[in-house]
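Structure, as structure tokens:
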Amino acid sequence: MTKHDVEATSPNRLAVRRVARSTTVQMCDLIDPEDIATMGPKCWLDLLHDIRNDKLRPQLDGENVIIEIHDVAAGPRPHLVRTTKRAYTEFQKAAVDGRFDGLKPAPFGLGFGPWIWAEGVVEEAVAKALDGVA
């Protein structure tokens, strides 16, 4: 499987993962993993709360949305995650259903936990292809 295979499942391409064994979380659209946001646990929990409760108002850009994440603990400038309206909606539904609760840390010796998207855990072959980029 390749990055192209993720495009075929575009409604479910917004994903999150834990960094190493820390509580730091990363978010990106799997189509563009270079456009990644890193945030500490408080920022992640606040963002997840706002997404679940329909309080987050991403910027609109045609058929896309831009999620602005500003965590001063992760850096002075905000991170922008671009995705489709549909991918954001699917992510929001999955968040309401508890999909992103208790993200697993990376196994010992690995740099990242698994990517989690609306459908569940991203398949290992796709994740390996993306890890070379993200």
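By order in the structure tokens, chains are A, B, ...; within a chain, residues start at 1; ligands start at 1, following the order shown.
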
Residues flagged alpha helix (DSSP H) by DSSP in range 4-134 of chain A, as a VMD selection string: chain A and resid 4 to 7 41 to 52 85 to 96 124 to 131

Create the file for the chosen residues now, containing N, CA, C and O atoms and written as a short mmCIF file (atom, residue, chain, number, x, y, z; two decimals), in the first residue's frame.
```cif
data_model
loop_
_atom_site.label_atom_id
_atom_site.label_comp_id
_atom_site.auth_asym_id
_atom_site.auth_seq_id
_atom_site.Cartn_x
_atom_site.Cartn_y
_atom_site.Cartn_z
N HIS A 4 -0.95 6.76 -2.18
CA HIS A 4 -2.08 6.82 -3.11
C HIS A 4 -3.29 6.07 -2.55
O HIS A 4 -4.43 6.47 -2.75
N ASP A 5 -3.06 4.97 -1.82
CA ASP A 5 -4.15 4.19 -1.25
C ASP A 5 -4.92 5.00 -0.22
O ASP A 5 -6.11 4.78 -0.02
N VAL A 6 -4.27 5.90 0.47
CA VAL A 6 -4.96 6.75 1.44
C VAL A 6 -5.92 7.66 0.71
O VAL A 6 -7.03 7.90 1.17
N GLU A 7 -5.53 8.15 -0.48
CA GLU A 7 -6.40 9.04 -1.25
C GLU A 7 -7.73 8.37 -1.57
O GLU A 7 -8.76 9.02 -1.61
N PRO A 41 -0.33 17.63 25.70
CA PRO A 41 -1.57 16.96 26.11
C PRO A 41 -2.73 17.92 26.41
O PRO A 41 -3.87 17.64 26.04
N LYS A 42 -2.46 19.05 27.05
CA LYS A 42 -3.55 19.98 27.35
C LYS A 42 -4.15 20.54 26.07
O LYS A 42 -5.38 20.58 25.91
N CYS A 43 -3.32 20.93 25.13
CA CYS A 43 -3.80 21.45 23.85
C CYS A 43 -4.62 20.38 23.12
O CYS A 43 -5.70 20.67 22.59
N TRP A 44 -4.13 19.13 23.10
CA TRP A 44 -4.84 18.05 22.44
C TRP A 44 -6.21 17.82 23.08
O TRP A 44 -7.22 17.70 22.39
N LEU A 45 -6.25 17.76 24.40
CA LEU A 45 -7.53 17.51 25.08
C LEU A 45 -8.50 18.66 24.87
O LEU A 45 -9.70 18.44 24.67
N ASP A 46 -7.99 19.89 24.88
CA ASP A 46 -8.85 21.05 24.60
C ASP A 46 -9.38 21.00 23.17
O ASP A 46 -10.57 21.25 22.92
N LEU A 47 -8.50 20.68 22.22
CA LEU A 47 -8.91 20.58 20.81
C LEU A 47 -9.94 19.48 20.63
O LEU A 47 -10.97 19.68 19.98
N LEU A 48 -9.70 18.32 21.22
CA LEU A 48 -10.63 17.20 21.12
C LEU A 48 -11.99 17.57 21.70
O LEU A 48 -13.03 17.28 21.12
N HIS A 49 -11.98 18.24 22.84
CA HIS A 49 -13.23 18.70 23.46
C HIS A 49 -13.98 19.64 22.53
O HIS A 49 -15.20 19.50 22.34
N ASP A 50 -13.26 20.60 21.95
CA ASP A 50 -13.91 21.56 21.05
C ASP A 50 -14.44 20.88 19.78
O ASP A 50 -15.52 21.23 19.30
N ILE A 51 -13.72 19.91 19.26
CA ILE A 51 -14.17 19.18 18.07
C ILE A 51 -15.43 18.39 18.40
O ILE A 51 -16.42 18.44 17.67
N ARG A 52 -15.41 17.66 19.51
CA ARG A 52 -16.57 16.86 19.92
C ARG A 52 -17.82 17.70 20.12
O ARG A 52 -18.91 17.27 19.78
N LYS A 85 -13.51 19.26 4.05
CA LYS A 85 -14.66 19.40 4.96
C LYS A 85 -15.17 18.01 5.34
O LYS A 85 -15.51 17.77 6.50
N ARG A 86 -15.21 17.13 4.36
CA ARG A 86 -15.71 15.78 4.62
C ARG A 86 -14.82 15.02 5.60
O ARG A 86 -15.30 14.34 6.50
N ALA A 87 -13.50 15.14 5.43
CA ALA A 87 -12.57 14.46 6.35
C ALA A 87 -12.72 15.01 7.76
O ALA A 87 -12.71 14.25 8.74
N TYR A 88 -12.89 16.33 7.88
CA TYR A 88 -13.08 16.93 9.20
C TYR A 88 -14.38 16.42 9.84
O TYR A 88 -14.41 16.08 11.02
N THR A 89 -15.44 16.35 9.05
CA THR A 89 -16.73 15.87 9.56
C THR A 89 -16.63 14.42 10.04
O THR A 89 -17.15 14.07 11.10
N GLU A 90 -15.94 13.58 9.27
CA GLU A 90 -15.75 12.17 9.67
C GLU A 90 -14.91 12.09 10.95
O GLU A 90 -15.19 11.28 11.84
N PHE A 91 -13.88 12.92 11.05
CA PHE A 91 -13.03 12.96 12.24
C PHE A 91 -13.87 13.38 13.44
O PHE A 91 -13.78 12.80 14.52
N GLN A 92 -14.72 14.39 13.24
CA GLN A 92 -15.58 14.88 14.32
C GLN A 92 -16.54 13.79 14.80
O GLN A 92 -16.71 13.60 16.01
N LYS A 93 -17.16 13.06 13.88
CA LYS A 93 -18.07 11.97 14.26
C LYS A 93 -17.33 10.91 15.06
O LYS A 93 -17.83 10.40 16.07
N ALA A 94 -16.12 10.56 14.60
CA ALA A 94 -15.32 9.55 15.30
C ALA A 94 -14.91 10.04 16.69
O ALA A 94 -14.87 9.27 17.64
N ALA A 95 -14.62 11.35 16.81
CA ALA A 95 -14.27 11.92 18.11
C ALA A 95 -15.44 11.82 19.08
O ALA A 95 -15.27 11.47 20.25
N VAL A 96 -16.64 12.12 18.59
CA VAL A 96 -17.85 12.00 19.43
C VAL A 96 -18.03 10.56 19.89
O VAL A 96 -18.43 10.31 21.03
N GLU A 124 -0.66 -0.90 8.67
CA GLU A 124 0.79 -0.81 8.88
C GLU A 124 1.55 -0.43 7.63
O GLU A 124 2.47 0.40 7.68
N ALA A 125 1.19 -0.97 6.48
CA ALA A 125 1.92 -0.66 5.25
C ALA A 125 1.78 0.81 4.87
O ALA A 125 2.73 1.46 4.46
N VAL A 126 0.57 1.36 5.03
CA VAL A 126 0.35 2.77 4.75
C VAL A 126 1.11 3.63 5.76
O VAL A 126 1.76 4.61 5.40
N ALA A 127 1.05 3.25 7.02
CA ALA A 127 1.73 4.00 8.07
C ALA A 127 3.24 4.04 7.82
O ALA A 127 3.87 5.09 7.99
N LYS A 128 3.83 2.94 7.40
CA LYS A 128 5.26 2.91 7.12
C LYS A 128 5.61 3.85 5.97
O LYS A 128 6.61 4.56 6.01
N ALA A 129 4.78 3.86 4.94
CA ALA A 129 5.02 4.76 3.80
C ALA A 129 4.93 6.21 4.25
O ALA A 129 5.73 7.06 3.85
N LEU A 130 3.99 6.50 5.12
CA LEU A 130 3.81 7.88 5.59
C LEU A 130 4.90 8.28 6.58
O LEU A 130 5.30 9.44 6.62
N ASP A 131 5.36 7.35 7.40
CA ASP A 131 6.38 7.68 8.39
C ASP A 131 7.68 8.15 7.76
O ASP A 131 8.45 8.88 8.37
#
```

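Within 9 Å of Thr84 in chain A, once only C-alpha atoms are used and residues closer than 3 positions along the same chain are dropped, the contacting residues are Ser10, Pro11, Arg13, Leu14, Asp29, Glu63, Asn64, Val65, Ile66, Ala87, Tyr88 and Thr89 of chain A.
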
Residues flagged strand (DSSP E or B) by DSSP in range 8-81 of chain A, as a ChimeraX atom specification: /A:14-19,25-29,37-39,59-61,64-69,79-81
